[in-house]
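Colleague: Contents of model_23.cif (mmCIF, N, CA and C atoms) are below:
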data_coords
#
loop_
_atom_site.label_atom_id
_atom_site.label_comp_id
_atom_site.auth_asym_id
_atom_site.auth_seq_id
_atom_site.Cartn_x
_atom_site.Cartn_y
_atom_site.Cartn_z
N MET A 303 0.85 -1.18 0.00
CA MET A 303 0.00 0.00 0.00
C MET A 303 0.90 1.24 0.00
N GLY A 304 0.67 2.12 -0.98
CA GLY A 304 1.49 3.32 -1.11
C GLY A 304 1.06 4.42 -0.15
N ASN A 305 1.81 5.51 -0.16
CA ASN A 305 1.53 6.63 0.74
C ASN A 305 0.15 7.24 0.50
N GLN A 306 -0.25 7.36 -0.77
CA GLN A 306 -1.55 7.98 -1.05
C GLN A 306 -2.70 7.08 -0.60
N GLU A 307 -2.53 5.76 -0.75
CA GLU A 307 -3.56 4.85 -0.27
C GLU A 307 -3.68 4.93 1.25
N LYS A 308 -2.54 5.02 1.92
CA LYS A 308 -2.55 5.15 3.39
C LYS A 308 -3.22 6.46 3.81
N LEU A 309 -2.91 7.54 3.11
CA LEU A 309 -3.51 8.83 3.42
C LEU A 309 -5.02 8.80 3.18
N TYR A 310 -5.43 8.16 2.09
CA TYR A 310 -6.86 8.01 1.76
C TYR A 310 -7.57 7.29 2.91
N GLN A 311 -7.01 6.18 3.37
CA GLN A 311 -7.59 5.44 4.49
C GLN A 311 -7.58 6.27 5.77
N HIS A 312 -6.48 7.00 6.01
CA HIS A 312 -6.35 7.85 7.20
C HIS A 312 -7.48 8.88 7.24
N ILE A 313 -7.77 9.51 6.11
CA ILE A 313 -8.81 10.52 6.05
C ILE A 313 -10.19 9.89 6.25
N LEU A 314 -10.44 8.78 5.58
CA LEU A 314 -11.76 8.15 5.67
C LEU A 314 -12.04 7.56 7.05
N MET A 315 -10.99 7.12 7.76
CA MET A 315 -11.19 6.50 9.07
C MET A 315 -11.27 7.55 10.18
N ARG A 316 -11.26 8.83 9.81
CA ARG A 316 -11.41 9.94 10.75
C ARG A 316 -10.34 9.95 11.84
N ARG A 317 -9.13 9.57 11.45
CA ARG A 317 -8.03 9.71 12.40
C ARG A 317 -7.69 11.19 12.50
N SER A 318 -6.67 11.53 13.20
CA SER A 318 -6.31 12.92 13.47
C SER A 318 -6.33 13.80 12.21
N ASP A 319 -7.33 14.67 12.12
CA ASP A 319 -7.43 15.58 10.97
C ASP A 319 -6.34 16.65 11.00
N ALA A 320 -5.74 16.87 12.16
CA ALA A 320 -4.72 17.91 12.29
C ALA A 320 -3.34 17.40 11.86
N ASN A 321 -3.25 16.15 11.47
CA ASN A 321 -1.94 15.56 11.21
C ASN A 321 -1.83 15.04 9.77
N VAL A 322 -2.40 15.76 8.81
CA VAL A 322 -2.37 15.34 7.41
C VAL A 322 -1.43 16.25 6.64
N PRO A 323 -0.37 15.68 6.02
CA PRO A 323 0.56 16.52 5.26
C PRO A 323 -0.12 17.16 4.06
N PHE A 324 0.10 18.46 3.89
CA PHE A 324 -0.59 19.23 2.85
C PHE A 324 -0.22 18.74 1.45
N ASP A 325 1.06 18.49 1.19
CA ASP A 325 1.48 18.03 -0.14
C ASP A 325 0.86 16.69 -0.49
N GLY A 326 0.77 15.81 0.49
CA GLY A 326 0.13 14.52 0.27
C GLY A 326 -1.35 14.66 -0.02
N LEU A 327 -2.00 15.60 0.67
CA LEU A 327 -3.42 15.86 0.45
C LEU A 327 -3.67 16.35 -0.97
N CYS A 328 -2.84 17.27 -1.44
CA CYS A 328 -2.97 17.78 -2.81
C CYS A 328 -2.77 16.66 -3.83
N ALA A 329 -1.75 15.83 -3.62
CA ALA A 329 -1.47 14.72 -4.53
C ALA A 329 -2.64 13.73 -4.54
N LEU A 330 -3.23 13.48 -3.38
CA LEU A 330 -4.37 12.58 -3.28
C LEU A 330 -5.56 13.10 -4.08
N LEU A 331 -5.86 14.39 -3.95
CA LEU A 331 -6.99 14.97 -4.68
C LEU A 331 -6.77 14.91 -6.19
N ILE A 332 -5.55 15.14 -6.64
CA ILE A 332 -5.24 15.04 -8.06
C ILE A 332 -5.44 13.59 -8.53
N ARG A 333 -5.00 12.65 -7.71
CA ARG A 333 -5.16 11.23 -8.06
C ARG A 333 -6.64 10.82 -8.09
N LEU A 334 -7.46 11.46 -7.28
CA LEU A 334 -8.89 11.17 -7.28
C LEU A 334 -9.60 11.77 -8.50
N GLY A 335 -8.88 12.64 -9.25
CA GLY A 335 -9.45 13.18 -10.48
C GLY A 335 -9.74 14.67 -10.46
N PHE A 336 -9.34 15.35 -9.41
CA PHE A 336 -9.58 16.80 -9.31
C PHE A 336 -8.54 17.55 -10.14
N GLY A 337 -8.95 18.71 -10.64
CA GLY A 337 -8.02 19.64 -11.28
C GLY A 337 -7.60 20.67 -10.24
N GLU A 338 -6.39 21.19 -10.35
CA GLU A 338 -5.85 22.12 -9.35
C GLU A 338 -5.47 23.44 -9.99
N ARG A 339 -5.86 24.54 -9.32
CA ARG A 339 -5.39 25.89 -9.65
C ARG A 339 -4.73 26.42 -8.40
N ILE A 340 -3.68 27.20 -8.57
CA ILE A 340 -2.99 27.77 -7.41
C ILE A 340 -2.98 29.29 -7.55
N ARG A 341 -3.44 29.97 -6.50
CA ARG A 341 -3.40 31.43 -6.43
C ARG A 341 -2.80 31.78 -5.08
N GLY A 342 -1.55 32.18 -5.08
CA GLY A 342 -0.87 32.44 -3.81
C GLY A 342 -0.69 31.13 -3.06
N ASP A 343 -1.17 31.08 -1.83
CA ASP A 343 -1.08 29.82 -1.08
C ASP A 343 -2.40 29.05 -1.11
N HIS A 344 -3.35 29.52 -1.92
CA HIS A 344 -4.64 28.84 -2.05
C HIS A 344 -4.56 27.82 -3.19
N HIS A 345 -4.85 26.58 -2.86
CA HIS A 345 -4.91 25.51 -3.84
C HIS A 345 -6.39 25.20 -4.03
N ILE A 346 -6.89 25.44 -5.23
CA ILE A 346 -8.31 25.33 -5.51
C ILE A 346 -8.53 24.09 -6.37
N PHE A 347 -9.35 23.16 -5.86
CA PHE A 347 -9.59 21.90 -6.54
C PHE A 347 -11.03 21.83 -7.01
N THR A 348 -11.20 21.48 -8.30
CA THR A 348 -12.52 21.31 -8.88
C THR A 348 -12.55 20.01 -9.66
N MET A 349 -13.77 19.51 -9.85
CA MET A 349 -13.93 18.26 -10.59
C MET A 349 -15.31 18.26 -11.24
N THR A 350 -15.37 17.80 -12.48
CA THR A 350 -16.65 17.68 -13.17
C THR A 350 -17.53 16.70 -12.41
N GLY A 351 -18.76 17.10 -12.17
CA GLY A 351 -19.69 16.24 -11.46
C GLY A 351 -19.71 16.45 -9.95
N VAL A 352 -18.80 17.28 -9.45
CA VAL A 352 -18.73 17.59 -8.02
C VAL A 352 -19.08 19.06 -7.85
N GLU A 353 -20.15 19.33 -7.10
CA GLU A 353 -20.61 20.72 -6.92
C GLU A 353 -19.63 21.55 -6.10
N GLU A 354 -19.07 20.94 -5.06
CA GLU A 354 -18.21 21.67 -4.14
C GLU A 354 -16.88 22.03 -4.79
N ILE A 355 -16.37 23.19 -4.40
CA ILE A 355 -15.03 23.62 -4.77
C ILE A 355 -14.21 23.57 -3.49
N LEU A 356 -13.10 22.83 -3.53
CA LEU A 356 -12.25 22.71 -2.35
C LEU A 356 -11.13 23.74 -2.43
N ASN A 357 -11.12 24.67 -1.50
CA ASN A 357 -10.12 25.73 -1.43
C ASN A 357 -9.26 25.45 -0.20
N LEU A 358 -8.05 24.97 -0.42
CA LEU A 358 -7.19 24.53 0.67
C LEU A 358 -5.97 25.43 0.80
N GLN A 359 -5.55 25.65 2.05
CA GLN A 359 -4.32 26.39 2.33
C GLN A 359 -3.51 25.61 3.37
N PRO A 360 -2.19 25.59 3.21
CA PRO A 360 -1.37 24.89 4.20
C PRO A 360 -1.20 25.71 5.48
N LYS A 361 -0.99 25.00 6.57
CA LYS A 361 -0.66 25.64 7.85
C LYS A 361 0.48 24.82 8.44
N SER A 362 1.67 25.38 8.40
CA SER A 362 2.87 24.69 8.89
C SER A 362 3.08 23.35 8.20
N GLY A 363 2.82 23.29 6.89
CA GLY A 363 3.04 22.07 6.13
C GLY A 363 1.94 21.03 6.25
N LYS A 364 0.93 21.31 7.02
CA LYS A 364 -0.19 20.38 7.23
C LYS A 364 -1.47 20.99 6.68
N GLY A 365 -2.46 20.15 6.44
CA GLY A 365 -3.78 20.64 6.07
C GLY A 365 -4.51 21.12 7.31
N LYS A 366 -5.39 22.09 7.14
CA LYS A 366 -6.19 22.57 8.26
C LYS A 366 -7.27 21.54 8.57
N PRO A 367 -7.50 21.24 9.85
CA PRO A 367 -8.45 20.18 10.21
C PRO A 367 -9.85 20.34 9.60
N TYR A 368 -10.38 21.57 9.57
CA TYR A 368 -11.72 21.73 9.01
C TYR A 368 -11.73 21.48 7.50
N GLN A 369 -10.60 21.73 6.83
CA GLN A 369 -10.51 21.46 5.40
C GLN A 369 -10.39 19.96 5.13
N ILE A 370 -9.72 19.23 6.02
CA ILE A 370 -9.63 17.77 5.90
C ILE A 370 -11.03 17.18 6.02
N LYS A 371 -11.83 17.72 6.93
CA LYS A 371 -13.21 17.26 7.10
C LYS A 371 -14.01 17.54 5.82
N GLN A 372 -13.80 18.69 5.19
CA GLN A 372 -14.49 19.01 3.93
C GLN A 372 -14.11 18.00 2.84
N VAL A 373 -12.82 17.68 2.77
CA VAL A 373 -12.36 16.70 1.77
C VAL A 373 -13.02 15.35 2.04
N ARG A 374 -13.03 14.91 3.29
CA ARG A 374 -13.66 13.63 3.65
C ARG A 374 -15.14 13.63 3.26
N ASP A 375 -15.84 14.71 3.56
CA ASP A 375 -17.27 14.80 3.23
C ASP A 375 -17.50 14.68 1.73
N VAL A 376 -16.65 15.32 0.91
CA VAL A 376 -16.80 15.24 -0.55
C VAL A 376 -16.50 13.82 -1.03
N ILE A 377 -15.45 13.19 -0.49
CA ILE A 377 -15.11 11.82 -0.89
C ILE A 377 -16.28 10.89 -0.59
N LEU A 378 -16.87 11.03 0.58
CA LEU A 378 -17.98 10.15 0.97
C LEU A 378 -19.25 10.47 0.18
N LYS A 379 -19.55 11.76 -0.02
CA LYS A 379 -20.77 12.16 -0.73
C LYS A 379 -20.79 11.64 -2.16
N TYR A 380 -19.64 11.73 -2.84
CA TYR A 380 -19.56 11.34 -4.24
C TYR A 380 -18.94 9.96 -4.44
N ASN A 381 -18.67 9.26 -3.34
CA ASN A 381 -18.12 7.90 -3.37
C ASN A 381 -16.89 7.83 -4.27
N LEU A 382 -15.94 8.73 -4.05
CA LEU A 382 -14.73 8.81 -4.86
C LEU A 382 -13.76 7.71 -4.45
N LYS A 383 -13.21 7.02 -5.44
CA LYS A 383 -12.27 5.92 -5.20
C LYS A 383 -10.93 6.28 -5.82
N MET A 384 -9.89 5.63 -5.32
CA MET A 384 -8.54 5.83 -5.86
C MET A 384 -8.48 5.27 -7.28
N GLU A 385 -7.90 6.06 -8.20
CA GLU A 385 -7.67 5.59 -9.57
C GLU A 385 -6.27 5.03 -9.67
N ASP A 386 -6.10 4.04 -10.51
CA ASP A 386 -4.75 3.46 -10.70
C ASP A 386 -4.01 4.17 -11.79
#
Translate the structure of the given file into structure tokens.
Modeller:
Amino acid sequence: MGNQEKLYQHILMRRSDANVPFDGLCALLIRLGFGERIRGDHHIFTMTGVEEILNLQPKSGKGKPYQIKQVRDVILKYNLKMED
């Protein structure tokens, strides 16, 4: 199991939301099929068929806990799976 698969499981199992590396989170969203735009420190993720726009910013190299919860909610709502 690779790092992104572990991170995917970590997010879905509701483990510590304050302990998710930001770079890994961005890579995971891209692997799930999201497109990324960057404006300053804002990483904006969109995907066809997903209403929500995920606007993420790093905090000391980690994702913000409330943003990790938003990502989890979108993954669960749209039943997003890891692509190979």
Colleague: Can you tell me which residues surround A:Asp343 at a distance of at most 9 Å, considering only C-alpha atoms, apart from same-chain residues fewer than 2 positions away, and format the answer as a short mmCIF file (atom, residue, chain, number, x, y, z; two decimals) with N, CA and C atoms, in the coordinates of the input?
Modeller:
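Output contents, as saved in part_38.cif:
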data_model
loop_
_atom_site.label_atom_id
_atom_site.label_comp_id
_atom_site.auth_asym_id
_atom_site.auth_seq_id
_atom_site.Cartn_x
_atom_site.Cartn_y
_atom_site.Cartn_z
N ILE A 340 -3.68 27.20 -8.57
CA ILE A 340 -2.99 27.77 -7.41
C ILE A 340 -2.98 29.29 -7.55
N ARG A 341 -3.44 29.97 -6.50
CA ARG A 341 -3.40 31.43 -6.43
C ARG A 341 -2.80 31.78 -5.08
N HIS A 345 -4.85 26.58 -2.86
CA HIS A 345 -4.91 25.51 -3.84
C HIS A 345 -6.39 25.20 -4.03
N LEU A 358 -8.05 24.97 -0.42
CA LEU A 358 -7.19 24.53 0.67
C LEU A 358 -5.97 25.43 0.80
N GLN A 359 -5.55 25.65 2.05
CA GLN A 359 -4.32 26.39 2.33
C GLN A 359 -3.51 25.61 3.37
N PRO A 360 -2.19 25.59 3.21
CA PRO A 360 -1.37 24.89 4.20
C PRO A 360 -1.20 25.71 5.48
#
Colleague: Would you compute the distance between atom C of A:Ser318 and atom C of A:Gly304? Give it in Å to one decimal.
Modeller: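 The value is 17.2 Å.
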Colleague: Using all atoms listed in the file, pick whichever of A:Ile313, A:Gln306, A:His344, A:Lys361 has the shortest atom-to-atom distance to A:Ala329.
Modeller: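 The shortest atom-to-atom distance to A:Ala329 comes from A:Gln306.
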Colleague: Distance atom N of A:Tyr368-atom C of A:Arg333, one decimal place?
Modeller: 21.0 Å
Colleague: Among the residues of chain A, find those DSSP assigns to helix (DSSP H, G or I) from the backbone and print them as number ranges by chain.
Modeller: A: 305-314, 319-321, 324-333, 367-379
Colleague: To verify the selection step, state as a PyMOL selection string which residues the PyMOL selection byres ((chain A and resi 370-384) around 8) yields on this input.
Modeller: chain A and resi 306-307+313-314+319-320+322+333-335+351-352+354+356+358+365-369+385-386
Colleague: Enter the distance from atom C of A:Ile332 to atom N of A:Thr348, in Å, rounded to one decimal.
Modeller: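 For atom C of A:Ile332 relative to atom N of A:Thr348, the distance reads 9.8 Å.
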Colleague: Missing atoms in stretch 350-363 of chain A should be modelled up to N, CA, C and O atoms and reported as a PDB file, in the frame of the given file.
Modeller:
ATOM      1  N   THR A 350     -15.370  17.800 -12.480  1.00  0.00           N
ATOM      2  CA  THR A 350     -16.650  17.680 -13.170  1.00  0.00           C
ATOM      3  C   THR A 350     -17.530  16.700 -12.410  1.00  0.00           C
ATOM      4  O   THR A 350     -17.082  15.623 -12.034  1.00  0.00           O
ATOM      5  N   GLY A 351     -18.760  17.100 -12.170  1.00  0.00           N
ATOM      6  CA  GLY A 351     -19.690  16.240 -11.460  1.00  0.00           C
ATOM      7  C   GLY A 351     -19.710  16.450  -9.950  1.00  0.00           C
ATOM      8  O   GLY A 351     -20.501  15.848  -9.246  1.00  0.00           O
ATOM      9  N   VAL A 352     -18.800  17.280  -9.450  1.00  0.00           N
ATOM     10  CA  VAL A 352     -18.730  17.590  -8.020  1.00  0.00           C
ATOM     11  C   VAL A 352     -19.080  19.060  -7.850  1.00  0.00           C
ATOM     12  O   VAL A 352     -18.388  19.931  -8.390  1.00  0.00           O
ATOM     13  N   GLU A 353     -20.150  19.330  -7.100  1.00  0.00           N
ATOM     14  CA  GLU A 353     -20.610  20.720  -6.920  1.00  0.00           C
ATOM     15  C   GLU A 353     -19.630  21.550  -6.100  1.00  0.00           C
ATOM     16  O   GLU A 353     -19.419  22.719  -6.375  1.00  0.00           O
ATOM     17  N   GLU A 354     -19.070  20.940  -5.060  1.00  0.00           N
ATOM     18  CA  GLU A 354     -18.210  21.670  -4.140  1.00  0.00           C
ATOM     19  C   GLU A 354     -16.880  22.030  -4.790  1.00  0.00           C
ATOM     20  O   GLU A 354     -16.351  21.288  -5.595  1.00  0.00           O
ATOM     21  N   ILE A 355     -16.370  23.190  -4.400  1.00  0.00           N
ATOM     22  CA  ILE A 355     -15.030  23.620  -4.770  1.00  0.00           C
ATOM     23  C   ILE A 355     -14.210  23.570  -3.490  1.00  0.00           C
ATOM     24  O   ILE A 355     -14.576  24.170  -2.476  1.00  0.00           O
ATOM     25  N   LEU A 356     -13.100  22.830  -3.530  1.00  0.00           N
ATOM     26  CA  LEU A 356     -12.250  22.710  -2.350  1.00  0.00           C
ATOM     27  C   LEU A 356     -11.130  23.740  -2.430  1.00  0.00           C
ATOM     28  O   LEU A 356     -10.307  23.704  -3.344  1.00  0.00           O
ATOM     29  N   ASN A 357     -11.120  24.670  -1.500  1.00  0.00           N
ATOM     30  CA  ASN A 357     -10.120  25.730  -1.430  1.00  0.00           C
ATOM     31  C   ASN A 357      -9.260  25.450  -0.200  1.00  0.00           C
ATOM     32  O   ASN A 357      -9.704  25.646   0.930  1.00  0.00           O
ATOM     33  N   LEU A 358      -8.050  24.970  -0.420  1.00  0.00           N
ATOM     34  CA  LEU A 358      -7.190  24.530   0.670  1.00  0.00           C
ATOM     35  C   LEU A 358      -5.970  25.430   0.800  1.00  0.00           C
ATOM     36  O   LEU A 358      -5.423  25.886  -0.191  1.00  0.00           O
ATOM     37  N   GLN A 359      -5.550  25.650   2.050  1.00  0.00           N
ATOM     38  CA  GLN A 359      -4.320  26.390   2.330  1.00  0.00           C
ATOM     39  C   GLN A 359      -3.510  25.610   3.370  1.00  0.00           C
ATOM     40  O   GLN A 359      -4.083  25.048   4.294  1.00  0.00           O
ATOM     41  N   PRO A 360      -2.190  25.590   3.210  1.00  0.00           N
ATOM     42  CA  PRO A 360      -1.370  24.890   4.200  1.00  0.00           C
ATOM     43  C   PRO A 360      -1.200  25.710   5.480  1.00  0.00           C
ATOM     44  O   PRO A 360      -1.292  26.931   5.471  1.00  0.00           O
ATOM     45  N   LYS A 361      -0.990  25.000   6.570  1.00  0.00           N
ATOM     46  CA  LYS A 361      -0.660  25.640   7.850  1.00  0.00           C
ATOM     47  C   LYS A 361       0.480  24.820   8.440  1.00  0.00           C
ATOM     48  O   LYS A 361       0.258  23.692   8.868  1.00  0.00           O
ATOM     49  N   SER A 362       1.670  25.380   8.400  1.00  0.00           N
ATOM     50  CA  SER A 362       2.870  24.690   8.890  1.00  0.00           C
ATOM     51  C   SER A 362       3.080  23.350   8.200  1.00  0.00           C
ATOM     52  O   SER A 362       3.450  22.359   8.834  1.00  0.00           O
ATOM     53  N   GLY A 363       2.820  23.290   6.890  1.00  0.00           N
ATOM     54  CA  GLY A 363       3.040  22.070   6.130  1.00  0.00           C
ATOM     55  C   GLY A 363       1.940  21.030   6.250  1.00  0.00           C
ATOM     56  O   GLY A 363       2.027  19.965   5.650  1.00  0.00           O
TER      57      GLY A 363
END
